[in-house]
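Please read the structure below before turning to the comments.
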Amino acid sequence: MVALIGEASPRVEDRKFLTGAGKYLDDLEFPDVCHAVFIRSPHAHARILSLSAAIAKEMPGVLDIITADDVELSKLNALKPFVQENPNTGEAFSFVEQPLLARNVVRYQGEPVVLVVAETVAQALDASEVVEIEYSPLPHVVDGKEAASPDSIKLNSQLDENIAVKWNTGNSQEIENVFNSADNIVKLTVQNQRIVTNPMEPRGIVAEWNISTGRYTLYGSSQNIHVMRTCVADMLGVAEALVRFIAPDVGGGFGSKNFCYTEYGLIAWMSKQLRRPVKWIASRSEGFLSDHQGRDHQSEVQLALGKDGKFLALKVTSYANLGAYLVGSAGGVQVVQYANLPGTVYNVPVIELKILGVLTNTTPIGVFRGPGYAEANLIIERIIDKAAHQCGFDRAELRRMNMYKANDMPFTNALGGVVDSGNFREVLNKALKKADYAGFNARKKKTELTGLLRGIGFAYHIKGTGGAPDENVDVRFNEDATISLIMGTQSIGQGHETTFPQMLASLLGLSKNTVFLESSDTDRIAFGGGHGSSRSTYMGGTAIFNAVQDIISKGKTVAANEFEASVEDLSFANGSFTVSGTDKSLSIFEVAQLGRNLKHPLDTYKKWTREAMTFPNGAHVVEVEIDPDTGIVKLLSYTAVDDYGVLVNPSIVKGQMHGAIAQGMGQALLETVIYDELSAQMLTGSFMDYAVPRADDLPFYETAFESTPCATNPLGVKGCGEAGTIAAPSAISSAIIDALRPFGITHIDGPATPEKIWSLIRSTSR
């Protein structure tokens with residue numbers, strides 16, 4: 001058997017990408033294609049007084065110009081959020097569907113107002129510049145907590161308030177009793193700032209309508225093609241069967257390509273109106289303004305502790321800024337992913353959460369790598385650090401004494417969440433040892449002699465992975481002794497062309513070179529959960545495992561018929577069926593051919609529905625050096641020890657770790673969306689003003705694994721894609737605050753920019 005689960009084999013797809021043979025959306029060629037440009041609102045909140053496209057329509061090459069009036073006449077449907085109700089209660093969220101083009105009022109800068117289609121992009125841009133739109137600016141609100149106030153301006157007259165999602169969980173009376181009798185109470189306010197997702201490849205769509213079949217075929221840079229198909233069909237008002245969605249190579253997603261946008265329905269509709277392919281590729285500026293963004297939470301936290309340091313109760317009130325419209329699964333993130341994390345690593349007996357998802361005049365919030373879990377992790381890890389300092393405990397020891405133990409598994413936390421596996425204390429100890437936590441004070445003293453500040457910080461992360469609860473796989477045996485593996489989950493750069501064939505080949509005892517992955521086309525497989533929530537290995541891998549059991553069962557029946565033996569006498573190993581106690585044997589490909597001849601093929605379609613999540617977890621330790629004269633933070637070391645269960649391909653897992661840490665570091669030190677106080681214009685609307693990590697911002701990582709197999713799936717795997725984005729902001733801020741303790745600084749919200757640190761130092765005294 002050549003390929004085994006656990007083998008660190010090179011990525012199959014890298015040759016294609018490194019030699020320039022990849023095919024991204026903008027690389028695809030379509031005969032007679034025309035090009036679309038969107039005119040977007042320059043205002044965060046304004047009334048549209050007038051709109052005239054008469055001159056623009058006469059410009060060279062212009063094919064059509066579409067406004068909200070045209071959308072209304074066409075009877076296209078507005079875009080609905082994919083998750084519309086609280087999965088815990090069935091209670092509907094409060095929202096207004098997002099119009100495909102703004103009508104009468106614009107509610108965020110970047111909202112689409114007009115669609116221009118021309119023969120070339122240049123002609124469409126030229127025409128867009130002479131479309132006359134008169135706006136009357138309205139009062140705006142960009143702060144989530146402010147927008148939740150009854151006195152705030154209202155974004156939409158159809159809603160009584162700006163609160164789209166409201167959920168309380170926990171026993172208020174019980175928690176009050178605990179807090180009243182607690183020896184220690186620690187309070188903290190945490191701001192988890194808004195960030196831009198910034199995948200390398202911009203969003204885009206190309207649509208073709210077929211006059212013969214009446215079908216729409218869409219090509220898009222997407223990480224969730226089946227959801228896109230459903231949403232586009234709904235906007236068009238047609239059956240799903242009339243929409244086919246294909247994703248070529250995708251240059252990253254990180255959540256912003258997980259759910260649908262109004263542009264996709266409009267471009268599809270225009271392809272029918274013009275009877276030609278229509279193409280739209282977002283500019284980088286459009287991405288900053290209109291791609292679903294991430295984070296933006298304000299939280300007020302209280303932790304009650306006993307005299308011995310045991311956690312007694314946690315109380316959180318959180319304001320989640322959702323932007324101008326409820327999109328995708330943003331509401332579900334708040335009441336499921338965000339709500340389920342507190343009390344998952346640490347045994348907190350009583351928890352009360354008050355969650356408000358609030359609408360504001362900002363770009364809609366979608367999902368960004370680790371949504372909900374990253375926001376909750378920052379809260380719990382930061383307040384534990386503050387509790388340790390306030391109550392006189394070592395930060396590591398306070399965590400250890402409150403962690404669930406390995407022999408507690410599986411456990412149910414205070415909010416009803418069940419965690420099946422993990423060894424939190426051992427992972428934390430291994431990370432601290434690997435980072436030489438014991439020798440930190442000696443290093444700190446040496447640094448102080450140079451006039452610099454040194455700090456060490458750490459955080460423990462955990463995330464429930466699984467995403468959409470259903471997945472399927474189709475395994476087809478080809479006559480040339482190869483296997484087509486058709487998946488409902490989708491690759492956006494994680495290495496699926498390597499890992500999924502590796503899984504199937506390993507389970508069947510074959511060479512990985514015999515298995516070829518096919519995905520990213522809704523016509524190839526009935527449905528799929530796409531890629532999000534680090535679900536692919538768990539969901540897709542389990543579907544593969546279940547399919548293999550059926551394949552082996554079918555194969556034994558076919559082989560038994562050929563051997564004139566009983567099925568019970570057949571065994572399967574190393575890619576062959578053998579009659580026990582004999583030398584009679586047939587390879588799986590020989591049996592597949594026999595099955596085809598008998599009209600009993602080994603081809604197998606398998607669907608399954610999960611009943612539990614997986615819980616990857618780990619400890620990340622960071623050491624920083626700060627120049628007090630400039631506020632510049634240097635990352636000296638970053639150590640990560642993670643538990644991802646069984647590793648399918650360790651080298652790919654490390655790549656996922658490294659990329660996530662870089663993004664988490666970006667949020668901790670560099671990235672934030674800033675709106676002008678007077679106009680609510682986005683001041684960080686390009687890479688001139690919005691900083692992202694570069695290679696010299698990062699140290700070499702020290703990584704290791706301490707794996708406990710997951711008990712909720714037959715492969716024992718756990719998702720691995722989001723650990724760094726969850727842990728890094730918490731761990732880095734912990735290290736920075738540790739370095740700044742001599743100045744009496746006990747808290748800093750991200751990003752910890754040099755200017756912010758410099759100002760904090762100068763606003764305090766030793």
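In the structure tokens, chains take letters A, B, ... by order of appearance, with residues numbered from 1 within each chain and ligands from 1 in the order shown.
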#### Entry: Exercise: Ala182 (chain A) partners within 10 Å, only C-alpha atoms, chain neighbours under 3 positions left out, as a PyMOL selection string
chain A and resi 176-179+185+303-307+311-313
#### Entry: Selection: 9 Å around Ala662 (chain A), only C-alpha atoms, excl. self and same-chain fewer than 3 positions, as a PyMOL selection string
chain A and resi 657-659+665-667+693-694+697-698+724-725+728
Can I get the selected residues back with C-alpha atoms, as a CSV table (one decimal), in the first residue's frame?
```csv
chain,number,residue,atom,x,y,z
A,657,MET,CA,-1.3,26.0,10.9
A,658,HIS,CA,1.2,28.4,9.4
A,659,GLY,CA,-1.3,30.3,7.3
A,665,MET,CA,-1.1,37.7,13.8
A,666,GLY,CA,-2.4,40.2,11.3
A,667,GLN,CA,-5.5,40.8,13.3
A,693,PRO,CA,1.3,40.6,7.5
A,694,ARG,CA,4.5,40.3,5.4
A,697,ASP,CA,6.6,40.4,10.4
A,698,LEU,CA,6.7,36.7,11.4
A,724,GLY,CA,-4.1,30.1,14.4
A,725,THR,CA,-6.8,32.7,13.7
A,728,ALA,CA,-3.0,34.1,17.8
```
### Which of region 63-276 of chain A fall in strand (DSSP E), as a ChimeraX atom specification
/A:63-66,105-106,112-118,132-137,163-169,184-195,204-209,216-220,243-246
With 12 Å as the cut-off and only C-alpha atoms counted, what is the closest atom pair between each nearby residue of region 644-763 of chain A and region 382-405 of chain A? Distances in Å to one decimal, ordered by chain and number, as a tab-separated table.
```
residue	atom	partner	partner_atom	distance
A:Ala727	CA	A:Arg382	CA	11.2
A:Pro729	CA	A:Arg382	CA	10.0
A:Ser730	CA	A:Arg382	CA	6.7
A:Ala731	CA	A:Arg382	CA	8.8
A:Ile732	CA	A:Arg382	CA	10.6
A:Ser733	CA	A:Arg382	CA	8.2
A:Ser734	CA	A:Arg382	CA	7.0
A:Ala735	CA	A:Asp385	CA	10.2
A:Ile736	CA	A:Arg382	CA	11.7
A:Ile737	CA	A:Asp385	CA	9.4
A:Asp738	CA	A:Asp385	CA	9.4
A:Arg741	CA	A:His389	CA	9.8
A:Gly744	CA	A:His389	CA	11.3
A:Ile745	CA	A:Lys386	CA	11.0
A:Thr746	CA	A:Lys386	CA	7.3
A:His747	CA	A:Lys386	CA	8.3
A:Ile748	CA	A:Arg382	CA	9.8
A:Asp749	CA	A:Arg382	CA	10.2
```
Compile a residue-level contact table for region 589-644 of chain A against region 443-458 of chain A at a cut-off of 9 Å, reporting for every qualifying residue the shortest atom pair and its distance in Å to one decimal, with only C-alpha atoms counted, rows ordered by chain and ascending number, as a Markdown table.
```
| residue | atom | partner | partner_atom | distance |
| --- | --- | --- | --- | --- |
| A:Ala619 | CA | A:Phe458 | CA | 7.0 |
| A:His620 | CA | A:Phe458 | CA | 5.4 |
| A:Val621 | CA | A:Phe458 | CA | 4.3 |
| A:Val622 | CA | A:Gly457 | CA | 5.3 |
| A:Glu623 | CA | A:Ile456 | CA | 4.4 |
| A:Val624 | CA | A:Gly455 | CA | 5.3 |
| A:Glu625 | CA | A:Arg454 | CA | 4.5 |
| A:Ile626 | CA | A:Leu453 | CA | 5.0 |
| A:Asp627 | CA | A:Leu452 | CA | 5.2 |
| A:Pro628 | CA | A:Leu452 | CA | 6.6 |
| A:Asp629 | CA | A:Leu452 | CA | 8.9 |
```
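Counting only C-alpha atoms, the residue from A:Leu669, A:Leu507, A:Ala78, A:Ala592 that sits nearest to Leu100 (chain A) is A:Ala78.
Among the candidates A:Tyr605, A:Tyr373, A:Trp269, A:Phe516, the residue lying nearest to Glu13 (chain A) is A:Phe516 (atoms considered: only C-alpha atoms).
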### Message
Would you pick out the contacts of region 242-257 of chain A at 7 Å or less, using only C-alpha atoms, so that residues sharing its chain but fewer than 4 positions from it are not included, and give the list as an MDAnalysis selection string?
### Response
chainID A and resid 22:25 197 199:201 214:223 225 229 233 238 291:293 366:369 492:493 520:523 532
#### Entry: Near-Ile5 (chain A) list (9 Å; only C-alpha atoms; drop same-chain fewer than 5 positions) as a ChimeraX atom specification
/A:499,502-503,505-507,646-649
### Query
Of the candidates A:Leu79, A:Leu715, A:Ile379, A:Ala102, which one gets nearest to Tyr338 (chain A) if we count only C-alpha atoms?
A:Ile379
Do you have, as JSON lines, the list of residues of region 345-418 of chain A lying at most 12 Å from region 133-156 of chain A, each with its nearest atom pair and that distance in Å to one decimal, counting only C-alpha atoms and ordered by chain then number?
```
{"residue": "A:Ile355", "atom": "CA", "partner": "A:Ala148", "partner_atom": "CA", "distance": 11.2}
{"residue": "A:Leu356", "atom": "CA", "partner": "A:Ala148", "partner_atom": "CA", "distance": 7.8}
{"residue": "A:Gly357", "atom": "CA", "partner": "A:Gly144", "partner_atom": "CA", "distance": 8.0}
{"residue": "A:Val358", "atom": "CA", "partner": "A:Gly144", "partner_atom": "CA", "distance": 5.7}
{"residue": "A:Leu359", "atom": "CA", "partner": "A:Ala147", "partner_atom": "CA", "distance": 6.9}
{"residue": "A:Thr360", "atom": "CA", "partner": "A:Val142", "partner_atom": "CA", "distance": 5.1}
{"residue": "A:Asn361", "atom": "CA", "partner": "A:Val142", "partner_atom": "CA", "distance": 5.3}
{"residue": "A:Thr362", "atom": "CA", "partner": "A:Val142", "partner_atom": "CA", "distance": 6.0}
{"residue": "A:Thr363", "atom": "CA", "partner": "A:Val142", "partner_atom": "CA", "distance": 9.6}
{"residue": "A:Pro364", "atom": "CA", "partner": "A:Val142", "partner_atom": "CA", "distance": 11.3}
{"residue": "A:Ile365", "atom": "CA", "partner": "A:Gly144", "partner_atom": "CA", "distance": 11.7}
```
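CA of Phe572 (chain A) to CA of Gly555 (chain A) spans 8.8 Å [interatomic distance, one decimal].
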### Task
Select from region 475-586 of chain A everything DSSP, run on the backbone, classes as helix (DSSP H, G or I), then give the selection as a ChimeraX atom specification.
/A:496-508,512-514,536-563,567-569
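Between CA of Asp64 (chain A) and CA of Ala122 (chain A) there is a distance of 14.6 Å.
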Distance query region 483-487 of chain A at most 8 Å, only C-alpha atoms, self and fewer than 2 positions along chain excluded, as an mmCIF file with N, CA, C and O atoms, in the first residue's frame:
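Contents of the output file selection-v3.cif:
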```
data_model
loop_
_atom_site.group_PDB
_atom_site.id
_atom_site.type_symbol
_atom_site.label_atom_id
_atom_site.label_comp_id
_atom_site.auth_asym_id
_atom_site.auth_seq_id
_atom_site.Cartn_x
_atom_site.Cartn_y
_atom_site.Cartn_z
ATOM 1 N N ASN A 472 -21.861 14.192 1.151
ATOM 2 C CA ASN A 472 -21.986 13.003 0.309
ATOM 3 C C ASN A 472 -20.757 12.825 -0.560
ATOM 4 O O ASN A 472 -19.965 13.761 -0.751
ATOM 5 N N VAL A 473 -20.627 11.595 -1.074
ATOM 6 C CA VAL A 473 -19.484 11.254 -1.915
ATOM 7 C C VAL A 473 -19.948 10.226 -2.942
ATOM 8 O O VAL A 473 -20.849 9.418 -2.675
ATOM 9 N N ASP A 474 -19.339 10.282 -4.115
ATOM 10 C CA ASP A 474 -19.661 9.337 -5.184
ATOM 11 C C ASP A 474 -18.344 8.727 -5.658
ATOM 12 O O ASP A 474 -17.457 9.443 -6.134
ATOM 13 N N VAL A 475 -18.210 7.412 -5.503
ATOM 14 C CA VAL A 475 -16.983 6.705 -5.892
ATOM 15 C C VAL A 475 -17.292 5.863 -7.128
ATOM 16 O O VAL A 475 -18.180 5.011 -7.098
ATOM 17 N N ARG A 476 -16.540 6.115 -8.200
ATOM 18 C CA ARG A 476 -16.808 5.424 -9.462
ATOM 19 C C ARG A 476 -15.546 4.725 -9.958
ATOM 20 O O ARG A 476 -14.482 5.351 -10.081
ATOM 21 N N PHE A 477 -15.684 3.448 -10.269
ATOM 22 C CA PHE A 477 -14.568 2.649 -10.769
ATOM 23 C C PHE A 477 -14.553 2.726 -12.295
ATOM 24 O O PHE A 477 -15.545 2.394 -12.955
ATOM 25 N N ASN A 478 -13.435 3.146 -12.836
ATOM 26 C CA ASN A 478 -13.301 3.328 -14.280
ATOM 27 C C ASN A 478 -12.668 2.099 -14.927
ATOM 28 O O ASN A 478 -11.945 1.326 -14.271
ATOM 29 N N ALA A 481 -8.766 1.118 -14.712
ATOM 30 C CA ALA A 481 -8.197 0.807 -13.382
ATOM 31 C C ALA A 481 -7.848 2.077 -12.610
ATOM 32 O O ALA A 481 -6.819 2.150 -11.933
ATOM 33 N N THR A 489 -17.884 18.317 -0.772
ATOM 34 C CA THR A 489 -17.081 19.376 -0.187
ATOM 35 C C THR A 489 -16.150 19.927 -1.253
ATOM 36 O O THR A 489 -16.006 19.330 -2.322
ATOM 37 N N GLN A 490 -15.514 21.037 -0.991
ATOM 38 C CA GLN A 490 -14.867 21.782 -2.076
ATOM 39 C C GLN A 490 -13.501 22.305 -1.673
ATOM 40 O O GLN A 490 -13.303 22.752 -0.547
ATOM 41 N N PRO A 501 -7.821 11.675 -2.138
ATOM 42 C CA PRO A 501 -7.335 10.436 -2.745
ATOM 43 C C PRO A 501 -6.470 9.616 -1.779
ATOM 44 O O PRO A 501 -6.513 8.385 -1.802
ATOM 45 N N THR A 514 -3.995 6.015 -8.265
ATOM 46 C CA THR A 514 -5.151 5.433 -8.949
ATOM 47 C C THR A 514 -6.430 6.215 -8.685
ATOM 48 O O THR A 514 -7.470 5.933 -9.300
ATOM 49 N N VAL A 515 -6.388 7.186 -7.777
ATOM 50 C CA VAL A 515 -7.594 7.916 -7.375
ATOM 51 C C VAL A 515 -7.486 9.368 -7.822
ATOM 52 O O VAL A 515 -6.471 10.030 -7.580
ATOM 53 N N PHE A 516 -8.556 9.863 -8.444
ATOM 54 C CA PHE A 516 -8.562 11.237 -8.946
ATOM 55 C C PHE A 516 -9.799 11.964 -8.428
ATOM 56 O O PHE A 516 -10.923 11.480 -8.578
ATOM 57 N N LEU A 517 -9.566 13.103 -7.816
ATOM 58 C CA LEU A 517 -10.636 13.876 -7.207
ATOM 59 C C LEU A 517 -11.365 14.721 -8.241
ATOM 60 O O LEU A 517 -10.750 15.364 -9.090
ATOM 61 N N GLU A 518 -12.681 14.721 -8.156
ATOM 62 C CA GLU A 518 -13.519 15.615 -8.949
ATOM 63 C C GLU A 518 -14.484 16.312 -8.002
ATOM 64 O O GLU A 518 -15.069 15.681 -7.120
ATOM 65 N N SER A 519 -14.626 17.611 -8.160
ATOM 66 C CA SER A 519 -15.556 18.359 -7.311
ATOM 67 C C SER A 519 -15.831 19.696 -7.965
ATOM 68 O O SER A 519 -15.453 19.942 -9.117
ATOM 69 N N ARG A 524 -22.158 17.482 -10.976
ATOM 70 C CA ARG A 524 -21.417 16.236 -10.745
ATOM 71 C C ARG A 524 -21.914 15.473 -9.528
ATOM 72 O O ARG A 524 -21.767 14.257 -9.449
ATOM 73 N N ILE A 525 -22.484 16.196 -8.554
ATOM 74 C CA ILE A 525 -22.930 15.535 -7.333
ATOM 75 C C ILE A 525 -24.132 16.301 -6.790
ATOM 76 O O ILE A 525 -24.235 17.530 -6.949
ATOM 77 N N GLY A 528 -23.808 19.475 -1.559
ATOM 78 C CA GLY A 528 -22.543 19.514 -0.829
ATOM 79 C C GLY A 528 -22.547 20.656 0.159
ATOM 80 O O GLY A 528 -23.249 21.654 -0.013
ATOM 81 N N GLY A 540 -16.182 15.057 4.662
ATOM 82 C CA GLY A 540 -15.860 14.330 3.445
ATOM 83 C C GLY A 540 -15.173 13.007 3.737
ATOM 84 O O GLY A 540 -15.452 11.985 3.095
#
```
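Residue neighbourhood of Arg15 (chain A), excluding near-sequence residues (fewer than 5 positions): A:Pro10, A:Gly20, A:Ala21, A:Gly22, A:Gly495, A:Glu497, A:Thr498, at 12 Å, using only C-alpha atoms.
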### Message
Quick one: residues within 9 Å of Gly464 (chain A), only C-alpha atoms, excluding same-chain residues fewer than 6 positions away - as a count of residues only?
### Response
13
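The spacing separating CA of Thr120 (chain A) from CA of Leu274 (chain A) amounts to 14.4 Å.
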